[in-house]
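Shown next: protein-v8.cif, containing mmCIF, C-alpha atoms.
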data_coords
loop_
_atom_site.label_atom_id
_atom_site.label_comp_id
_atom_site.auth_asym_id
_atom_site.auth_seq_id
_atom_site.Cartn_x
_atom_site.Cartn_y
_atom_site.Cartn_z
CA MET Y 1 0.00 0.00 0.00
CA ILE Y 2 1.26 3.46 -0.98
CA THR Y 3 0.41 6.31 1.40
CA ALA Y 4 -0.71 9.64 -0.08
CA LEU Y 5 -1.63 13.14 1.03
CA LEU Y 6 -3.98 15.61 -0.73
CA ILE Y 7 -3.11 19.33 -0.44
CA ASP Y 8 -5.65 21.58 -2.13
CA ASP Y 9 -7.82 24.46 -0.92
CA ASP Y 10 -10.74 23.26 -3.07
CA ASP Y 11 -12.89 20.82 -1.08
CA ASN Y 12 -14.63 19.61 -4.24
CA LEU Y 13 -11.34 18.78 -5.93
CA ARG Y 14 -10.13 16.83 -2.91
CA GLN Y 15 -13.37 14.85 -2.85
CA GLY Y 16 -13.08 14.25 -6.60
CA MET Y 17 -9.48 13.05 -6.28
CA LYS Y 18 -10.43 10.68 -3.47
CA SER Y 19 -13.17 9.19 -5.65
CA LEU Y 20 -10.85 8.81 -8.64
CA LEU Y 21 -8.10 7.21 -6.57
CA ALA Y 22 -10.54 4.84 -4.89
CA ARG Y 23 -11.72 3.73 -8.33
CA TYR Y 24 -8.46 3.62 -10.28
CA ALA Y 25 -5.81 3.14 -7.60
CA PRO Y 26 -7.13 1.14 -4.65
CA ASP Y 27 -3.54 0.43 -3.57
CA ILE Y 28 -2.97 4.17 -2.92
CA LYS Y 29 -4.25 5.05 0.56
CA ILE Y 30 -5.15 8.67 1.37
CA VAL Y 31 -3.77 9.12 4.89
CA GLY Y 32 -4.48 12.83 5.20
CA GLU Y 33 -5.69 16.09 3.67
CA ALA Y 34 -4.70 19.74 3.95
CA ASN Y 35 -6.20 22.93 2.52
CA SER Y 36 -3.37 25.48 2.75
CA VAL Y 37 0.39 25.94 2.60
CA LYS Y 38 0.62 26.05 6.39
CA THR Y 39 -1.46 22.93 7.05
CA GLY Y 40 0.14 21.21 4.07
CA VAL Y 41 3.64 21.57 5.51
CA GLU Y 42 2.49 20.48 8.97
CA THR Y 43 0.63 17.44 7.60
CA MET Y 44 3.52 16.37 5.37
CA GLU Y 45 5.90 16.49 8.32
CA ARG Y 46 3.51 14.64 10.63
CA LEU Y 47 2.39 11.87 8.27
CA GLN Y 48 5.48 11.44 6.05
CA PRO Y 49 3.44 10.23 3.04
CA GLN Y 50 5.09 8.53 0.07
CA VAL Y 51 3.11 10.63 -2.44
CA VAL Y 52 1.67 14.14 -2.26
CA PHE Y 53 -0.97 15.43 -4.69
CA LEU Y 54 -0.25 19.16 -4.47
CA ASP Y 55 -2.22 22.13 -5.81
CA ILE Y 56 -0.20 25.06 -7.16
CA GLN Y 57 -2.43 28.01 -6.24
CA MET Y 58 -3.84 28.17 -2.71
CA THR Y 59 -5.25 30.99 -0.62
CA ASP Y 60 -2.10 31.49 1.47
CA GLY Y 61 0.53 30.77 -1.17
CA THR Y 62 1.59 28.12 -3.67
CA GLY Y 63 2.55 24.47 -3.80
CA PHE Y 64 6.10 25.66 -4.43
CA ASP Y 65 5.98 27.40 -1.05
CA VAL Y 66 5.14 24.06 0.54
CA LEU Y 67 8.21 22.43 -1.02
CA GLU Y 68 10.44 25.38 -0.14
CA GLU Y 69 9.40 25.18 3.52
CA ILE Y 70 9.89 21.41 3.59
CA ALA Y 71 13.35 21.89 2.07
CA LEU Y 72 14.21 24.53 4.70
CA ARG Y 73 13.13 22.25 7.54
CA ASN Y 74 14.34 18.89 6.31
CA GLY Y 75 16.83 19.50 3.49
CA LYS Y 76 14.47 18.14 0.84
CA SER Y 77 11.15 16.39 0.29
CA THR Y 78 11.07 12.64 0.76
CA ALA Y 79 7.72 12.27 -1.01
CA HIS Y 80 6.96 11.90 -4.68
CA ILE Y 81 5.13 15.07 -5.77
CA VAL Y 82 2.28 15.20 -8.29
CA PHE Y 83 1.17 18.76 -9.01
CA ILE Y 84 -2.47 19.53 -9.77
CA THR Y 85 -2.79 22.70 -11.78
CA ALA Y 86 -4.79 24.80 -14.16
CA HIS Y 87 -3.06 25.35 -17.50
CA GLU Y 88 -0.13 27.53 -16.40
CA GLN Y 89 2.39 27.38 -19.22
CA TYR Y 90 5.48 28.45 -17.28
CA ALA Y 91 4.87 25.99 -14.43
CA ILE Y 92 4.15 23.13 -16.84
CA LYS Y 93 7.39 23.85 -18.70
CA ALA Y 94 9.27 23.77 -15.39
CA PHE Y 95 7.61 20.45 -14.49
CA ARG Y 96 8.62 18.91 -17.82
CA PHE Y 97 12.25 20.02 -17.47
CA SER Y 98 12.26 18.61 -13.93
CA ALA Y 99 10.59 15.27 -14.83
CA LEU Y 100 7.84 16.02 -12.31
CA ASP Y 101 4.35 14.67 -12.79
CA PHE Y 102 1.38 16.97 -13.06
CA LEU Y 103 -2.34 16.69 -13.64
CA LEU Y 104 -4.44 19.39 -15.28
CA LYS Y 105 -7.75 20.44 -13.77
CA PRO Y 106 -10.28 18.91 -14.21
CA VAL Y 107 -8.35 15.69 -13.66
CA ASP Y 108 -8.65 13.24 -16.54
CA PRO Y 109 -8.94 9.57 -15.39
CA ASP Y 110 -6.68 8.34 -18.21
CA GLU Y 111 -3.95 10.83 -17.29
CA LEU Y 112 -4.33 9.92 -13.63
CA GLN Y 113 -3.81 6.24 -14.42
CA LYS Y 114 -0.60 7.03 -16.35
CA VAL Y 115 0.72 9.03 -13.39
CA ILE Y 116 -0.23 6.25 -10.97
CA GLU Y 117 1.84 3.72 -12.93
CA LYS Y 118 4.85 6.04 -12.72
CA ILE Y 119 4.26 6.59 -9.00
CA LYS Y 120 4.38 2.85 -8.33
CA ASN Y 121 7.73 2.51 -10.13
CA ILE Y 122 9.29 5.59 -8.50
CA VAL Y 123 8.18 4.74 -4.95
CA VAL Y 124 9.75 1.28 -5.28
CA LYS Y 125 13.08 2.80 -6.44
CA ASN Y 126 13.14 5.37 -3.61
CA ASP Y 127 14.80 8.15 -5.66
CA ASP Y 128 16.77 10.91 -3.99
CA PHE Y 129 14.33 13.58 -5.27
CA GLY Y 130 17.04 15.78 -6.76
CA HIS Y 131 14.59 16.71 -9.51
CA ILE Y 132 12.49 18.57 -6.93
CA ASP Y 133 15.54 20.70 -6.12
CA LEU Y 134 15.87 21.37 -9.85
CA LEU Y 135 12.23 22.48 -10.05
CA LEU Y 136 12.63 24.86 -7.10
CA GLU Y 137 15.84 26.22 -8.60
CA ASN Y 138 14.03 27.01 -11.85
CA ILE Y 139 10.97 28.47 -10.15
CA ARG Y 140 13.14 30.71 -7.93
CA LYS Y 141 15.10 32.08 -10.87
CA LYS Y 142 11.97 32.57 -13.01
CA VAL Y 143 14.02 32.14 -16.15
CA ASP Y 144 12.57 30.99 -19.47
CA LYS Y 145 15.63 29.00 -20.50
CA PHE Y 146 16.31 26.22 -18.03
CA LYS Y 147 19.96 25.14 -17.88
CA ARG Y 148 19.41 21.63 -16.53
CA ILE Y 149 16.98 18.88 -17.39
CA ALA Y 150 15.84 15.80 -15.46
CA LEU Y 151 15.38 12.59 -17.44
CA SER Y 152 13.35 9.81 -15.85
CA ASN Y 153 13.66 6.17 -16.92
CA SER Y 154 13.58 2.67 -15.43
CA ASP Y 155 16.95 3.27 -13.72
CA GLY Y 156 15.83 6.41 -11.91
CA ILE Y 157 15.89 10.17 -12.45
CA HIS Y 158 19.05 11.65 -13.97
CA LEU Y 159 19.97 15.34 -14.07
CA PHE Y 160 22.01 16.75 -16.96
CA GLU Y 161 23.14 20.11 -18.27
CA VAL Y 162 21.09 20.92 -21.38
CA SER Y 163 24.31 22.18 -23.00
CA ASP Y 164 25.83 18.67 -22.66
CA ILE Y 165 23.15 17.00 -24.79
CA ILE Y 166 24.67 16.26 -28.21
CA ARG Y 167 21.60 14.83 -29.90
CA CYS Y 168 18.34 12.94 -29.40
CA GLU Y 169 17.16 10.00 -31.47
CA SER Y 170 13.66 8.58 -31.79
CA GLU Y 171 13.08 4.90 -31.09
CA ASP Y 172 9.34 4.35 -31.63
CA ASN Y 173 7.68 6.08 -28.66
CA TYR Y 174 11.01 6.42 -26.85
CA THR Y 175 13.80 8.98 -27.13
CA LYS Y 176 17.48 8.13 -26.76
CA PHE Y 177 19.67 10.94 -25.44
CA PHE Y 178 23.34 11.09 -26.40
CA ILE Y 179 25.12 13.17 -23.78
CA LYS Y 180 28.72 14.33 -23.55
CA ASN Y 181 30.85 12.03 -21.36
CA ASN Y 182 27.85 9.81 -20.53
CA LYS Y 183 26.34 6.62 -21.85
CA PRO Y 184 23.07 7.01 -23.84
CA VAL Y 185 19.87 7.40 -21.81
CA LEU Y 186 16.57 5.98 -23.11
CA ILE Y 187 13.41 7.83 -22.04
CA SER Y 188 9.82 6.70 -22.54
CA LYS Y 189 8.66 9.92 -24.19
CA THR Y 190 8.44 10.87 -27.84
CA LEU Y 191 11.01 12.96 -29.68
CA LYS Y 192 8.31 15.55 -30.40
CA GLU Y 193 7.93 16.26 -26.68
CA TYR Y 194 11.64 17.01 -26.36
CA GLU Y 195 11.68 18.99 -29.59
CA GLU Y 196 9.12 21.33 -27.98
CA LEU Y 197 11.31 21.72 -24.88
CA LEU Y 198 14.72 22.04 -26.52
CA THR Y 199 14.23 24.05 -29.73
CA GLU Y 200 14.84 27.36 -27.93
CA HIS Y 201 18.11 25.92 -26.58
CA GLY Y 202 19.70 25.65 -30.02
CA PHE Y 203 18.32 22.24 -31.01
CA GLU Y 204 17.02 21.54 -34.49
CA ARG Y 205 14.86 18.66 -35.77
CA ILE Y 206 16.62 17.57 -38.97
CA HIS Y 207 14.75 14.33 -39.55
CA GLN Y 208 11.77 12.39 -38.24
CA SER Y 209 14.19 10.45 -36.04
CA HIS Y 210 16.82 13.06 -35.15
CA LEU Y 211 16.99 16.21 -33.02
CA ILE Y 212 20.47 17.75 -32.84
CA ASN Y 213 22.23 20.35 -30.72
CA LEU Y 214 23.69 22.72 -33.32
CA ALA Y 215 26.61 23.46 -30.96
CA TYR Y 216 27.89 19.90 -31.65
CA LEU Y 217 27.39 19.95 -35.42
CA LYS Y 218 30.75 19.32 -37.17
CA SER Y 219 29.82 19.09 -40.85
CA TYR Y 220 26.95 19.28 -43.29
CA ILE Y 221 27.60 16.96 -46.23
CA LYS Y 222 25.49 17.46 -49.34
CA LYS Y 223 26.31 14.19 -51.13
CA ASP Y 224 24.52 10.86 -50.60
CA GLY Y 225 21.20 12.60 -50.10
CA GLY Y 226 22.57 14.96 -47.45
CA TYR Y 227 23.66 14.22 -43.90
CA VAL Y 228 25.34 15.81 -40.90
CA VAL Y 229 28.36 14.71 -38.89
CA MET Y 230 28.14 15.36 -35.16
CA SER Y 231 30.92 15.74 -32.58
CA ASP Y 232 30.37 12.13 -31.47
CA ASN Y 233 31.11 11.13 -35.11
CA SER Y 234 27.56 10.03 -35.75
CA HIS Y 235 26.32 10.47 -39.34
CA LEU Y 236 22.66 11.51 -39.37
CA PRO Y 237 20.37 11.85 -42.41
CA ILE Y 238 18.54 15.09 -43.18
CA SER Y 239 14.97 14.87 -44.45
CA GLN Y 240 14.29 16.61 -47.75
CA ARG Y 241 11.99 19.20 -46.24
CA LYS Y 242 14.53 20.12 -43.53
CA LYS Y 243 17.50 20.75 -45.84
CA GLU Y 244 16.62 24.30 -46.81
CA ARG Y 245 15.99 25.36 -43.21
CA LEU Y 246 19.25 23.78 -42.03
CA GLN Y 247 21.20 25.56 -44.75
CA GLU Y 248 19.64 28.88 -43.73
CA ILE Y 249 20.53 28.24 -40.07
CA LEU Y 250 24.13 27.38 -40.98
CA LYS Y 251 24.53 30.73 -42.73
CA THR Y 252 23.82 32.49 -39.43
CA LEU Y 253 26.20 30.41 -37.29
#

Go ahead and render the structure in this file as structure tokens.
Amino acid sequence: MITALLIDDDDNLRQGMKSLLARYAPDIKIVGEANSVKTGVETMERLQPQVVFLDIQMTDGTGFDVLEEIALRNGKSTAHIVFITAHEQYAIKAFRFSALDFLLKPVDPDELQKVIEKIKNIVVKNDDFGHIDLLLENIRKKVDKFKRIALSNSDGIHLFEVSDIIRCESEDNYTKFFIKNNKPVLISKTLKEYEELLTEHGFERIHQSHLINLAYLKSYIKKDGGYVVMSDNSHLPISQRKKERLQEILKTL
């Protein structure tokens, strides 16, 4: 049985979440509820739940304030955090860079079930929750370009500098990251999801299967249909419709 805490100032949402969890996740036990930052911190400390479903906006502050206070008191959170939020683009972007789970209001049962499966895997592995530190770091700085990214796979959650990512390669519904001075990391998310996150960091989709960091591009070869050579000596094809754009980009580098 996995113990969980609900922190949200909306009574109806808490009741709705309890109903959804009872139906779709009977092995997750709600051990407590809180309706504010203050009571949320106190309840987390008292009950030490394995999972916290945490609202972002509350009457006396934010879910981030809860995590900041827990970090001040205990060094870091020891619970897996699932944020519940309205569609706040900046926060969602920060969650995705930090490999943190979130649910949009109103909570969709299918999305909840996906998150529950991840929760079960993460709780078993007992991660060190460094990705929560990364989230708080990004939220504090309020920057649009995040310098580090958390990648979550079956081994755990790994933090990397975005500038160290050489390229990403699609493998069906997975993405393989090739990172400087590291072995490849396979993530169960599509390349399109990472294209959306990384394009503003100097990454370019050159093919259906390849997203490259232009900082590691060594050569653009026009023969044999056109391909690029990366700093890791990989030779990657360029799709026909991407050639013109890549050539225009290279003129500006």

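Residues in contact range of region 101-105 of chain Y, defined as at most 8 Å between all atoms listed in the file, with sequence neighbours fewer than 2 positions away removed, read Ile81, Val82, Phe83, Ile84, Thr85, Ala86, His87, Ile92, Phe95, Arg96, Ala99, Val107, Asp108, Glu111, Leu112 and Val115 of chain Y.
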
Checklist line | Spatial neighbours of Glu204 (chain Y), max dist 7 Å, all atoms listed in the file, sep filter under 6 positions, as number ranges by chain | finding: Y: 211-214

Item checked: Contact residues around region 35-46 of chain Y with all atoms listed in the file at 7 Å, ignoring same-chain residues under 2 positions, as a ChimeraX atom specification -> /Y:7-9,33,48-49,58-63,65-66,70

Item checked: Target residues per the PyMOL selection byres ((chain Y and resi 237-246) around 7), formatted as a PyMOL selection string -> chain Y and resi 206-207+226-228+235-236+247-250

Checklist line | Result set of the PyMOL selection byres ((chain Y and resi 150-161) around 9) on the coordinates above, as JSON, numbers by chain | finding: {"Y": [96, 97, 98, 99, 100, 121, 122, 125, 126, 127, 128, 129, 130, 131, 134, 147, 148, 149, 162, 163, 164, 165, 179, 185, 186, 187, 188]}

Checklist line | Nearest-residue call for Gln50 (chain Y), choices Y:Ser209, Y:Val31, Y:Ser234, Y:Ala25, using only C-alpha atoms | finding: Y:Val31

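Counting from CA of Lys29 (chain Y), the distance to CA of Lys93 (chain Y) is 29.3 Å.
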